[in-house]
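J.: What follows is final-v3.txt, compact mmCIF, C-alpha atoms and all ligand atoms.
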# COMPACT_ATOMS: atom_id res chain seq x y z
CA MET A 685 -13.32 -54.79 9.58
CA SER A 686 -10.99 -56.59 7.20
CA ALA A 687 -7.32 -57.41 7.65
CA GLY A 688 -6.26 -59.01 4.43
CA LEU A 689 -8.20 -62.29 4.37
CA ASP A 690 -10.97 -61.17 2.00
CA GLY A 691 -11.86 -64.01 -0.38
CA LYS A 692 -10.07 -66.62 1.72
CA VAL A 693 -11.72 -69.69 3.22
CA ALA A 694 -10.43 -70.87 6.60
CA PHE A 695 -11.10 -74.42 7.85
CA VAL A 696 -10.82 -74.28 11.64
CA THR A 697 -11.09 -77.19 14.09
CA GLY A 698 -12.10 -76.98 17.74
CA VAL A 699 -14.41 -74.02 17.04
CA SER A 700 -17.01 -74.80 19.68
CA SER A 701 -14.86 -73.57 22.54
CA GLY A 702 -11.84 -71.60 23.66
CA ILE A 703 -9.07 -70.75 21.21
CA GLY A 704 -10.85 -72.28 18.20
CA ALA A 705 -13.96 -70.17 18.77
CA ALA A 706 -11.84 -67.03 19.13
CA ALA A 707 -9.90 -67.95 15.98
CA ALA A 708 -13.16 -68.32 14.05
CA HIS A 709 -14.25 -64.85 15.17
CA ALA A 710 -10.89 -63.24 14.43
CA LEU A 711 -10.48 -64.88 11.00
CA ALA A 712 -14.01 -63.82 10.04
CA ALA A 713 -13.33 -60.29 11.27
CA ALA A 714 -10.24 -60.30 9.05
CA GLY A 715 -12.44 -61.09 6.04
CA ALA A 716 -12.25 -64.89 5.76
CA ARG A 717 -15.21 -67.17 5.35
CA VAL A 718 -14.91 -69.78 8.10
CA PHE A 719 -15.73 -73.49 8.02
CA GLY A 720 -15.76 -74.74 11.60
CA PHE A 721 -15.34 -78.37 12.67
CA ASP A 722 -15.83 -79.75 16.18
CA LEU A 723 -16.78 -82.86 18.12
CA THR A 724 -19.62 -80.87 19.66
CA SER A 725 -22.03 -78.73 17.71
CA PRO A 726 -20.41 -75.58 16.28
CA ALA A 727 -23.83 -73.91 16.01
CA VAL A 728 -23.30 -71.40 18.84
CA THR A 729 -20.02 -70.19 17.36
CA CYS A 730 -21.52 -70.06 13.85
CA ASP A 731 -24.44 -67.96 15.10
CA ALA A 732 -22.13 -65.62 17.02
CA VAL A 733 -19.82 -65.10 14.04
CA ARG A 734 -22.78 -64.46 11.74
CA ALA A 735 -24.25 -62.01 14.29
CA CYS A 736 -21.01 -60.03 13.94
CA GLY A 737 -21.40 -59.94 10.15
CA GLY A 738 -19.12 -62.88 9.38
CA ASP A 739 -19.75 -65.87 7.14
CA MET A 740 -19.42 -69.25 8.86
CA ALA A 741 -20.61 -72.81 8.33
CA GLY A 742 -20.21 -75.66 10.80
CA TYR A 743 -19.64 -79.42 10.76
CA ARG A 744 -19.75 -81.89 13.61
CA GLY A 745 -17.13 -84.64 13.64
CA ASP A 746 -14.01 -86.11 15.20
CA VAL A 747 -10.64 -84.90 13.92
CA SER A 748 -9.09 -88.27 14.73
CA VAL A 749 -11.48 -90.10 12.36
CA GLU A 750 -10.32 -90.09 8.74
CA ASP A 751 -13.81 -90.32 7.22
CA ASP A 752 -15.03 -87.40 9.35
CA VAL A 753 -12.18 -85.19 8.20
CA ILE A 754 -12.59 -86.16 4.55
CA GLY A 755 -16.34 -85.51 4.85
CA ALA A 756 -15.78 -82.12 6.45
CA VAL A 757 -13.27 -80.96 3.85
CA GLY A 758 -15.66 -82.09 1.10
CA THR A 759 -18.53 -80.18 2.70
CA CYS A 760 -16.31 -77.10 3.05
CA LEU A 761 -15.57 -77.25 -0.68
CA ASP A 762 -19.27 -77.74 -1.47
CA SER A 763 -20.18 -74.78 0.76
CA PHE A 764 -17.44 -72.30 -0.05
CA GLY A 765 -15.78 -73.64 -3.22
CA THR A 766 -12.23 -73.57 -1.91
CA LEU A 767 -9.99 -73.97 1.14
CA ASP A 768 -7.06 -71.60 1.66
CA ILE A 769 -6.21 -71.76 5.37
CA ALA A 770 -6.43 -74.65 7.85
CA VAL A 771 -6.13 -74.05 11.60
CA ASN A 772 -5.74 -77.08 13.86
CA CYS A 773 -7.17 -75.98 17.22
CA ALA A 774 -8.97 -79.14 18.33
CA GLY A 775 -7.15 -80.69 21.22
CA THR A 776 -7.46 -82.67 24.41
CA ALA A 777 -5.37 -83.47 27.49
CA ASN A 778 -5.24 -86.12 30.18
CA GLU A 779 -3.71 -85.22 33.53
CA CYS A 780 -2.46 -88.55 34.85
CA PRO A 781 0.75 -89.98 36.32
CA SER A 782 2.41 -91.77 33.42
CA LEU A 783 2.70 -95.07 35.29
CA GLU A 784 -1.07 -95.05 35.74
CA GLU A 785 -2.07 -93.88 32.27
CA THR A 786 -3.89 -96.50 30.23
CA VAL A 787 -2.99 -97.25 26.64
CA GLU A 788 -6.49 -96.14 25.67
CA ASP A 789 -6.10 -92.73 27.33
CA PHE A 790 -2.61 -92.24 25.89
CA ASP A 791 -3.80 -93.20 22.40
CA ARG A 792 -6.82 -90.89 22.63
CA VAL A 793 -4.67 -87.83 23.40
CA VAL A 794 -2.25 -88.63 20.60
CA ALA A 795 -5.08 -89.43 18.18
CA VAL A 796 -6.82 -86.08 18.71
CA ASN A 797 -3.76 -83.84 18.98
CA LEU A 798 -1.41 -85.47 16.47
CA ARG A 799 -3.42 -87.72 14.15
CA GLY A 800 -6.13 -85.05 13.94
CA THR A 801 -3.57 -82.43 12.96
CA PHE A 802 -2.14 -84.83 10.39
CA LEU A 803 -5.54 -85.69 8.88
CA VAL A 804 -6.80 -82.11 8.66
CA GLY A 805 -3.47 -80.92 7.32
CA ARG A 806 -3.20 -83.71 4.77
CA GLU A 807 -6.71 -83.20 3.37
CA SER A 808 -6.33 -79.41 3.37
CA ILE A 809 -2.94 -79.45 1.67
CA ARG A 810 -4.30 -81.76 -1.02
CA GLN A 811 -6.88 -79.08 -1.83
CA MET A 812 -4.36 -76.23 -1.62
CA LEU A 813 -2.10 -78.00 -4.11
CA SER A 814 -4.90 -79.05 -6.44
CA HIS A 815 -6.42 -75.58 -6.81
CA GLY A 816 -2.98 -74.12 -7.50
CA LYS A 817 -3.22 -71.11 -5.15
CA GLY A 818 -1.32 -72.72 -2.29
CA GLY A 819 -2.32 -71.93 1.25
CA ARG A 820 -1.50 -71.76 4.92
CA ILE A 821 -1.52 -74.31 7.70
CA VAL A 822 -1.52 -73.06 11.29
CA ASN A 823 -1.06 -75.81 13.85
CA ILE A 824 -1.66 -75.27 17.55
CA ALA A 825 0.92 -76.88 19.81
CA SER A 826 1.69 -75.73 23.37
CA ASP A 827 4.56 -74.31 25.39
CA LEU A 828 4.45 -77.70 27.12
CA GLY A 829 5.65 -79.26 23.87
CA TYR A 830 9.01 -77.65 24.77
CA LEU A 831 8.85 -77.67 28.55
CA GLY A 832 7.22 -80.99 29.38
CA ARG A 833 5.15 -81.38 32.51
CA ALA A 834 4.85 -84.13 35.12
CA GLY A 835 1.49 -85.84 34.76
CA TYR A 836 1.00 -84.64 31.18
CA GLY A 837 3.33 -86.96 29.29
CA SER A 838 0.86 -87.91 26.55
CA TYR A 839 -0.18 -84.28 26.00
CA CYS A 840 3.37 -82.93 25.95
CA ALA A 841 4.54 -85.70 23.63
CA SER A 842 1.68 -85.06 21.22
CA LYS A 843 2.40 -81.31 21.16
CA GLY A 844 6.12 -81.87 20.68
CA ALA A 845 5.21 -84.01 17.69
CA VAL A 846 3.01 -81.20 16.30
CA LEU A 847 6.01 -78.85 16.49
CA SER A 848 8.06 -81.39 14.56
CA LEU A 849 5.34 -82.14 12.00
CA THR A 850 5.08 -78.40 11.35
CA ARG A 851 8.78 -78.17 10.45
CA SER A 852 8.65 -81.30 8.26
CA TRP A 853 5.60 -80.09 6.35
CA ALA A 854 7.11 -76.62 5.96
CA ARG A 855 10.01 -78.22 4.09
CA GLU A 856 7.87 -80.71 2.17
CA PHE A 857 5.28 -78.25 0.85
CA ALA A 858 7.36 -75.08 0.32
CA PRO A 859 6.87 -72.80 -1.45
CA ARG A 860 3.20 -73.39 -2.18
CA VAL A 861 1.92 -74.07 1.32
CA LEU A 862 3.35 -72.20 4.31
CA VAL A 863 3.12 -74.29 7.47
CA ASN A 864 3.53 -72.60 10.84
CA CYS A 865 2.60 -73.18 14.44
CA VAL A 866 1.31 -71.29 17.46
CA ALA A 867 2.44 -72.67 20.83
CA PRO A 868 0.41 -70.91 23.52
CA GLY A 869 1.20 -70.75 27.17
CA PRO A 870 -1.62 -70.85 29.76
CA ILE A 871 -4.82 -69.49 28.20
CA ASP A 872 -8.15 -68.99 29.93
CA THR A 873 -10.29 -71.73 28.38
CA PRO A 874 -12.13 -74.82 29.66
CA MET A 875 -8.90 -76.79 29.07
CA LEU A 876 -7.43 -74.93 32.03
CA GLY A 877 -10.51 -75.68 34.13
CA PRO A 878 -11.26 -78.36 36.73
CA ASP A 879 -12.22 -81.02 34.18
CA PHE A 880 -8.73 -80.96 32.70
CA MET A 881 -6.46 -79.68 35.45
CA SER A 882 -6.01 -80.03 39.20
CA PRO A 883 -5.99 -76.76 41.20
CA GLU A 884 -2.26 -77.28 41.95
CA VAL A 885 -1.33 -77.48 38.27
CA ARG A 886 -3.56 -74.56 37.36
CA ALA A 887 -1.94 -72.44 40.09
CA SER A 888 1.50 -73.18 38.64
CA GLU A 889 0.42 -71.72 35.30
CA THR A 890 1.02 -68.11 36.38
CA ALA A 891 4.68 -68.72 37.31
CA ILE A 892 5.78 -67.07 34.07
CA PRO A 893 7.41 -63.69 33.41
CA LEU A 894 4.11 -61.92 32.63
CA ALA A 895 2.56 -63.56 35.73
CA ARG A 896 -0.90 -64.06 34.30
CA ILE A 897 -2.99 -66.38 32.18
CA GLY A 898 -3.50 -65.23 28.59
CA SER A 899 -6.71 -64.64 26.68
CA VAL A 900 -8.04 -66.50 23.67
CA GLU A 901 -7.92 -63.23 21.72
CA GLU A 902 -4.16 -63.06 22.30
CA VAL A 903 -3.77 -66.46 20.64
CA ALA A 904 -6.25 -65.71 17.86
CA ALA A 905 -4.19 -62.64 16.89
CA ALA A 906 -1.18 -64.88 16.28
CA ILE A 907 -3.31 -67.29 14.21
CA VAL A 908 -4.64 -64.45 12.02
CA PHE A 909 -1.11 -63.10 11.55
CA LEU A 910 0.22 -66.47 10.35
CA SER A 911 -2.80 -66.80 8.03
CA GLY A 912 -2.39 -63.39 6.43
CA PRO A 913 -0.32 -61.11 4.24
CA GLY A 914 2.12 -60.22 7.01
CA ALA A 915 3.55 -63.74 7.13
CA THR A 916 4.55 -64.40 3.52
CA PHE A 917 8.21 -65.09 4.41
CA MET A 918 7.46 -67.41 7.32
CA THR A 919 7.32 -71.18 7.20
CA GLY A 920 8.27 -73.84 9.71
CA GLN A 921 8.07 -71.23 12.48
CA THR A 922 6.44 -71.41 15.87
CA ILE A 923 5.32 -68.27 17.63
CA GLY A 924 4.48 -68.29 21.30
CA PRO A 925 1.75 -66.22 22.94
CA ASN A 926 2.94 -67.60 26.26
CA GLY A 927 3.73 -64.75 28.67
CA GLY A 928 7.41 -65.63 28.36
CA SER A 929 7.17 -69.24 29.55
CA VAL A 930 9.41 -70.31 26.68
CA MET A 931 12.11 -68.12 25.16
CA PRO A 932 13.72 -70.25 22.43
N1 LIG B 1 -5.87 -73.44 27.10
C1 LIG B 1 -4.56 -73.51 27.20
O1 LIG B 1 -3.95 -73.12 28.21
C2 LIG B 1 -3.76 -74.04 26.04
C3 LIG B 1 -2.37 -73.87 26.09
C4 LIG B 1 -1.60 -74.35 25.05
C5 LIG B 1 -2.21 -75.00 23.99
N2 LIG B 1 -3.54 -75.15 23.96
C6 LIG B 1 -4.12 -75.85 22.81
O2 LIG B 1 -5.05 -75.00 22.17
C7 LIG B 1 -6.02 -75.81 21.50
C8 LIG B 1 -7.41 -75.35 21.90
O3 LIG B 1 -7.55 -75.58 23.30
P1 LIG B 1 -8.55 -74.77 24.21
O4 LIG B 1 -7.79 -74.34 25.38
O5 LIG B 1 -9.30 -73.78 23.40
O6 LIG B 1 -9.47 -75.97 24.69
P2 LIG B 1 -11.06 -76.14 24.74
O7 LIG B 1 -11.26 -77.37 25.52
O8 LIG B 1 -11.70 -74.88 25.17
O9 LIG B 1 -11.45 -76.39 23.21
C9 LIG B 1 -11.06 -77.55 22.54
C10 LIG B 1 -12.10 -77.81 21.46
O10 LIG B 1 -11.65 -78.95 20.71
C11 LIG B 1 -12.77 -79.78 20.50
N3 LIG B 1 -12.34 -81.17 20.31
C12 LIG B 1 -11.78 -81.97 21.24
N4 LIG B 1 -11.56 -83.17 20.71
C13 LIG B 1 -11.99 -83.12 19.42
C14 LIG B 1 -12.04 -84.06 18.37
N5 LIG B 1 -11.62 -85.32 18.55
N6 LIG B 1 -12.53 -83.68 17.18
C15 LIG B 1 -12.99 -82.42 17.00
N7 LIG B 1 -12.98 -81.47 17.97
C16 LIG B 1 -12.49 -81.84 19.17
C17 LIG B 1 -13.62 -79.62 21.75
O11 LIG B 1 -14.95 -80.05 21.53
C18 LIG B 1 -13.49 -78.14 22.01
O12 LIG B 1 -14.47 -77.40 21.34
C19 LIG B 1 -5.73 -77.25 21.91
O13 LIG B 1 -5.00 -77.88 20.89
C20 LIG B 1 -4.88 -77.09 23.15
O14 LIG B 1 -4.02 -78.20 23.34
C21 LIG B 1 -4.34 -74.69 24.96
Rewrite the coordinates I just gave you, this time as C-alpha cells.
Ligand SMILES: NC(=O)c1ccc[n+]([C@@H]2O[C@H](COP(=O)([O-])OP(=O)(O)OC[C@H]3O[C@@H](n4cnc5c(N)ncnc54)[C@H](O)[C@@H]3O)[C@@H](O)[C@H]2O)c1
T.:
Amino acid sequence: MSAGLDGKVAFVTGVSSGIGAAAAHALAAAGARVFGFDLTSPAVTCDAVRACGGDMAGYRGDVSVEDDVIGAVGTCLDSFGTLDIAVNCAGTANECPSLEETVEDFDRVVAVNLRGTFLVGRESIRQMLSHGKGGRIVNIASDLGYLGRAGYGSYCASKGAVLSLTRSWAREFAPRVLVNCVAPGPIDTPMLGPDFMSPEVRASETAIPLARIGSVEEVAAAIVFLSGPGATFMTGQTIGPNGGSVMP
C-alpha cells in the first residue's frame, strides 16, 4: 500500500518501541524508506518493517548526544541519499515529586525530550535546506505539555518546550520546511507501564471523554498525515490523538 510518501526518506527516532515503532511501520506502508534511530537496537523493528515489504535501516545512538545524531544523519544520507521527513518520537519520563527530583534526573528528561528534538531537527533541517526540496518535521509532544501533571514536572516542561519549539521552527523555516507536532494523550506503550508510571497515575489516564487508552496506530496515523500530501498548508500546528483530554 502507498499513501503518498513514495520516494521520501523518513528519519524516525525511538523506533525500537511504542509510537516510534508504529510510526516506522506506517511511514513505510505509506511508501517512505525509513531510517530508524534508537538507544536500543532497532533491529527488531527493521526486520518487522522489511517483512511487511518496507525498506528500513537502523542506527543505535542517543538523541541527546550531538555526535550520535550527526553520525546517524550522515549514515542515513549514505544509505538512502536524502532525508525528507524527520519524526522525533524518542522520549523518556521520570515520575517523581519535584522537591525530590535530582538535577541529574531533571536534566536527563530535558536532554532526551527537548535537546534530542532540537538536535535531530537541526541536523535534518540542514539537509532539507541543502538539497533544496524542503521537508517535514513532526515532533512528538504530549497532552501533558498543556495540562501539566503532579509528579511529572520535568516531563511536562520538556513537552511544553517541544510545543513551543515547533511553533518557532515553523516560522523560522517556512515555507521550505513544514514543522508540526503530535501531542498524544494516553497511549498503550511501555511508557504507560509500571517502569514509568505508578498504578494510581495510570488509572487516571482513562478519565478523558473517550474513556480509554489509545493505540500506537492512532498516533502513527497522525504522524503519516503530517508527513504527507494532505498537510501542505499546515505548519506550526499540533494535532492531538488524545481521546479529548485537551480541546484547545
Ligand atoms: N505512551 C504515551 O502515553 C505517550 C503520551 C504522550 C506522548 N508520548 C510520547 O511519545 C513518544 C514515544 O513514547 P512511547 O510511549 O512510544 O514510549 P516507549 O518507551 O515505548 O518508546 C520510547 C523509545 O524511545 C527510545 N529512547 C529513549 N531515550 C532515547 C535516547 N536518549 N535516544 C534514542 N532513543 C531513546 C527508547 O529506547 C524507546 O524505544 C515519547 O516522546 C513520549 O513522550 C507518549
J.: So which residues touch Leu711 of chain A within 10 Å, counting only C-alpha atoms, skipping near sequence neighbours fewer than 2 positions away, as number ranges by chain?
T.: A: 686-690, 692-694, 696, 706-709, 713-718, 733, 738, 769, 904-905, 907-909, 911-912
J.: Give me the chain A side of the contact with ligand LIG 1 (chain B), cut-off 6 Å, one line per residue showing its nearest atom pair and distance in Å at one decimal, counting only C-alpha atoms and all ligand atoms, sorted by chain and residue number, as a Markdown table.
T.:
| residue | atom | partner | partner_atom | distance |
| --- | --- | --- | --- | --- |
| A:Gly698 | CA | B:LIG1 | O10 | 3.6 |
| A:Val699 | CA | B:LIG1 | O12 | 5.5 |
| A:Ser700 | CA | B:LIG1 | O12 | 4.0 |
| A:Ser701 | CA | B:LIG1 | O12 | 4.0 |
| A:Gly702 | CA | B:LIG1 | O5 | 3.4 |
| A:Ile703 | CA | B:LIG1 | O5 | 3.7 |
| A:Gly704 | CA | B:LIG1 | O5 | 5.6 |
| A:Asp722 | CA | B:LIG1 | N7 | 3.8 |
| A:Leu723 | CA | B:LIG1 | C15 | 4.0 |
| A:Thr724 | CA | B:LIG1 | O11 | 5.1 |
| A:Gly745 | CA | B:LIG1 | C15 | 5.8 |
| A:Asp746 | CA | B:LIG1 | N6 | 3.5 |
| A:Val747 | CA | B:LIG1 | N6 | 4.0 |
| A:Ser748 | CA | B:LIG1 | N5 | 5.4 |
| A:Cys773 | CA | B:LIG1 | C7 | 4.4 |
| A:Ala774 | CA | B:LIG1 | O10 | 3.6 |
| A:Gly775 | CA | B:LIG1 | O13 | 3.6 |
| A:Thr776 | CA | B:LIG1 | C12 | 5.4 |
| A:Val796 | CA | B:LIG1 | N5 | 4.9 |
| A:Ile824 | CA | B:LIG1 | O13 | 5.4 |
| A:Ala825 | CA | B:LIG1 | C5 | 5.6 |
| A:Ser826 | CA | B:LIG1 | C4 | 3.9 |
| A:Pro868 | CA | B:LIG1 | C4 | 4.3 |
| A:Gly869 | CA | B:LIG1 | C3 | 4.9 |
| A:Pro870 | CA | B:LIG1 | O1 | 3.6 |
| A:Ile871 | CA | B:LIG1 | O1 | 3.7 |
| A:Asp872 | CA | B:LIG1 | N1 | 5.7 |
| A:Thr873 | CA | B:LIG1 | O4 | 4.7 |
| A:Pro874 | CA | B:LIG1 | O8 | 4.5 |
| A:Met875 | CA | B:LIG1 | O7 | 4.3 |
| A:Leu876 | CA | B:LIG1 | N1 | 5.4 |
J.: Determine, counting all atoms listed in the file, which protein, DNA and RNA residues have an atom within 7 Å of an atom of segment 753-759 of chain A; residues of the same chain fewer than 2 positions away are not included. Present the result as a PyMOL selection string.
T.: chain A and resi 743+747+749-751+761-763+803-804+807
J.: Identify which of the residues A:Ala710, A:Val793, A:Val900, A:Ala891 lies closest to Gly928 of chain A, counting only C-alpha atoms when measuring atom-to-atom distances.
T.: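 Looking only at the distances to Gly928 of chain A, the closest residue turns out to be A:Ala891.
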J.: Tell me which of A:Lys843, A:Cys780, A:Leu849, A:Arg792 sits closest to Arg806 of chain A, counting all atoms listed in the file.
T.: A:Leu849
J.: Pick the closest to Ser842 of chain A from A:Ala777, A:Met812, A:Ile821, A:Val866: which is it, counting all atoms listed in the file?
T.: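 Looking only at the distances to Ser842 of chain A, the closest residue turns out to be A:Ala777.
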J.: Nearest to Leu831 of chain A among A:Ser929, A:Thr697, A:Thr786, A:Asn864, with distances taken over all atoms listed in the file: which residue is it?
T.: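 The closest residue to Leu831 of chain A is A:Ser929.
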J.: Just give me the gap between atom CA of Phe790 of chain A and atom CA of Phe802 of chain A in Å, one decimal is fine.
T.: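 Taking atom CA of Phe790 of chain A and atom CA of Phe802 of chain A, their separation equals 17.2 Å.
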J.: Rank nothing, just name the residue among A:Asp752, A:Asp768, A:Glu901, A:Glu856 nearest to Gly691 of chain A, using all atoms listed in the file.
T.: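 Counting all atoms listed in the file, the residue closest to Gly691 of chain A is A:Asp768.
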J.: Using only C-alpha atoms, which residue out of A:Glu784, A:Pro726, A:Met931, A:Cys865 lies closest to Ser852 of chain A?
T.: A:Cys865
J.: Could I get segment 697-714 of chain A rebuilt with N, CA and C atoms, written as a PDB file, keeping the file's coordinate frame?
T.:
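Dumped everything to result_18.pdb:
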ATOM      1  N   THR A 697     -10.585 -76.138  13.197  1.00  0.00           N
ATOM      2  CA  THR A 697     -11.090 -77.190  14.090  1.00  0.00           C
ATOM      3  C   THR A 697     -11.153 -76.675  15.529  1.00  0.00           C
ATOM      4  N   GLY A 698     -11.973 -77.351  16.327  1.00  0.00           N
ATOM      5  CA  GLY A 698     -12.100 -76.980  17.740  1.00  0.00           C
ATOM      6  C   GLY A 698     -12.839 -75.670  17.938  1.00  0.00           C
ATOM      7  N   VAL A 699     -13.774 -75.342  17.032  1.00  0.00           N
ATOM      8  CA  VAL A 699     -14.410 -74.020  17.040  1.00  0.00           C
ATOM      9  C   VAL A 699     -15.506 -73.847  18.085  1.00  0.00           C
ATOM     10  N   SER A 700     -15.892 -74.939  18.747  1.00  0.00           N
ATOM     11  CA  SER A 700     -17.010 -74.800  19.680  1.00  0.00           C
ATOM     12  C   SER A 700     -16.600 -74.230  21.030  1.00  0.00           C
ATOM     13  N   SER A 701     -15.316 -74.025  21.231  1.00  0.00           N
ATOM     14  CA  SER A 701     -14.860 -73.570  22.540  1.00  0.00           C
ATOM     15  C   SER A 701     -13.520 -72.852  22.416  1.00  0.00           C
ATOM     16  N   GLY A 702     -13.180 -72.103  23.429  1.00  0.00           N
ATOM     17  CA  GLY A 702     -11.840 -71.600  23.660  1.00  0.00           C
ATOM     18  C   GLY A 702     -11.142 -70.937  22.486  1.00  0.00           C
ATOM     19  N   ILE A 703      -9.920 -71.375  22.230  1.00  0.00           N
ATOM     20  CA  ILE A 703      -9.070 -70.750  21.210  1.00  0.00           C
ATOM     21  C   ILE A 703      -9.671 -70.912  19.819  1.00  0.00           C
ATOM     22  N   GLY A 704     -10.256 -72.064  19.528  1.00  0.00           N
ATOM     23  CA  GLY A 704     -10.850 -72.280  18.200  1.00  0.00           C
ATOM     24  C   GLY A 704     -11.998 -71.330  17.936  1.00  0.00           C
ATOM     25  N   ALA A 705     -12.850 -71.110  18.937  1.00  0.00           N
ATOM     26  CA  ALA A 705     -13.960 -70.170  18.770  1.00  0.00           C
ATOM     27  C   ALA A 705     -13.433 -68.763  18.532  1.00  0.00           C
ATOM     28  N   ALA A 706     -12.419 -68.371  19.309  1.00  0.00           N
ATOM     29  CA  ALA A 706     -11.840 -67.030  19.130  1.00  0.00           C
ATOM     30  C   ALA A 706     -11.174 -66.903  17.763  1.00  0.00           C
ATOM     31  N   ALA A 707     -10.536 -67.982  17.315  1.00  0.00           N
ATOM     32  CA  ALA A 707      -9.900 -67.950  15.980  1.00  0.00           C
ATOM     33  C   ALA A 707     -10.957 -67.784  14.901  1.00  0.00           C
ATOM     34  N   ALA A 708     -12.090 -68.467  15.045  1.00  0.00           N
ATOM     35  CA  ALA A 708     -13.160 -68.320  14.050  1.00  0.00           C
ATOM     36  C   ALA A 708     -13.629 -66.872  13.980  1.00  0.00           C
ATOM     37  N   HIS A 709     -13.833 -66.257  15.135  1.00  0.00           N
ATOM     38  CA  HIS A 709     -14.250 -64.850  15.170  1.00  0.00           C
ATOM     39  C   HIS A 709     -13.200 -63.950  14.518  1.00  0.00           C
ATOM     40  N   ALA A 710     -11.950 -64.147  14.899  1.00  0.00           N
ATOM     41  CA  ALA A 710     -10.890 -63.240  14.430  1.00  0.00           C
ATOM     42  C   ALA A 710     -10.641 -63.410  12.933  1.00  0.00           C
ATOM     43  N   LEU A 711     -10.677 -64.652  12.445  1.00  0.00           N
ATOM     44  CA  LEU A 711     -10.480 -64.880  11.000  1.00  0.00           C
ATOM     45  C   LEU A 711     -11.636 -64.268  10.211  1.00  0.00           C
ATOM     46  N   ALA A 712     -12.851 -64.420  10.726  1.00  0.00           N
ATOM     47  CA  ALA A 712     -14.010 -63.820  10.040  1.00  0.00           C
ATOM     48  C   ALA A 712     -13.915 -62.302  10.055  1.00  0.00           C
ATOM     49  N   ALA A 713     -13.485 -61.747  11.191  1.00  0.00           N
ATOM     50  CA  ALA A 713     -13.330 -60.290  11.270  1.00  0.00           C
ATOM     51  C   ALA A 713     -12.265 -59.787  10.297  1.00  0.00           C
ATOM     52  N   ALA A 714     -11.295 -60.662  10.002  1.00  0.00           N
ATOM     53  CA  ALA A 714     -10.240 -60.300   9.050  1.00  0.00           C
ATOM     54  C   ALA A 714     -10.672 -60.507   7.608  1.00  0.00           C
TER      55      ALA A 714
END
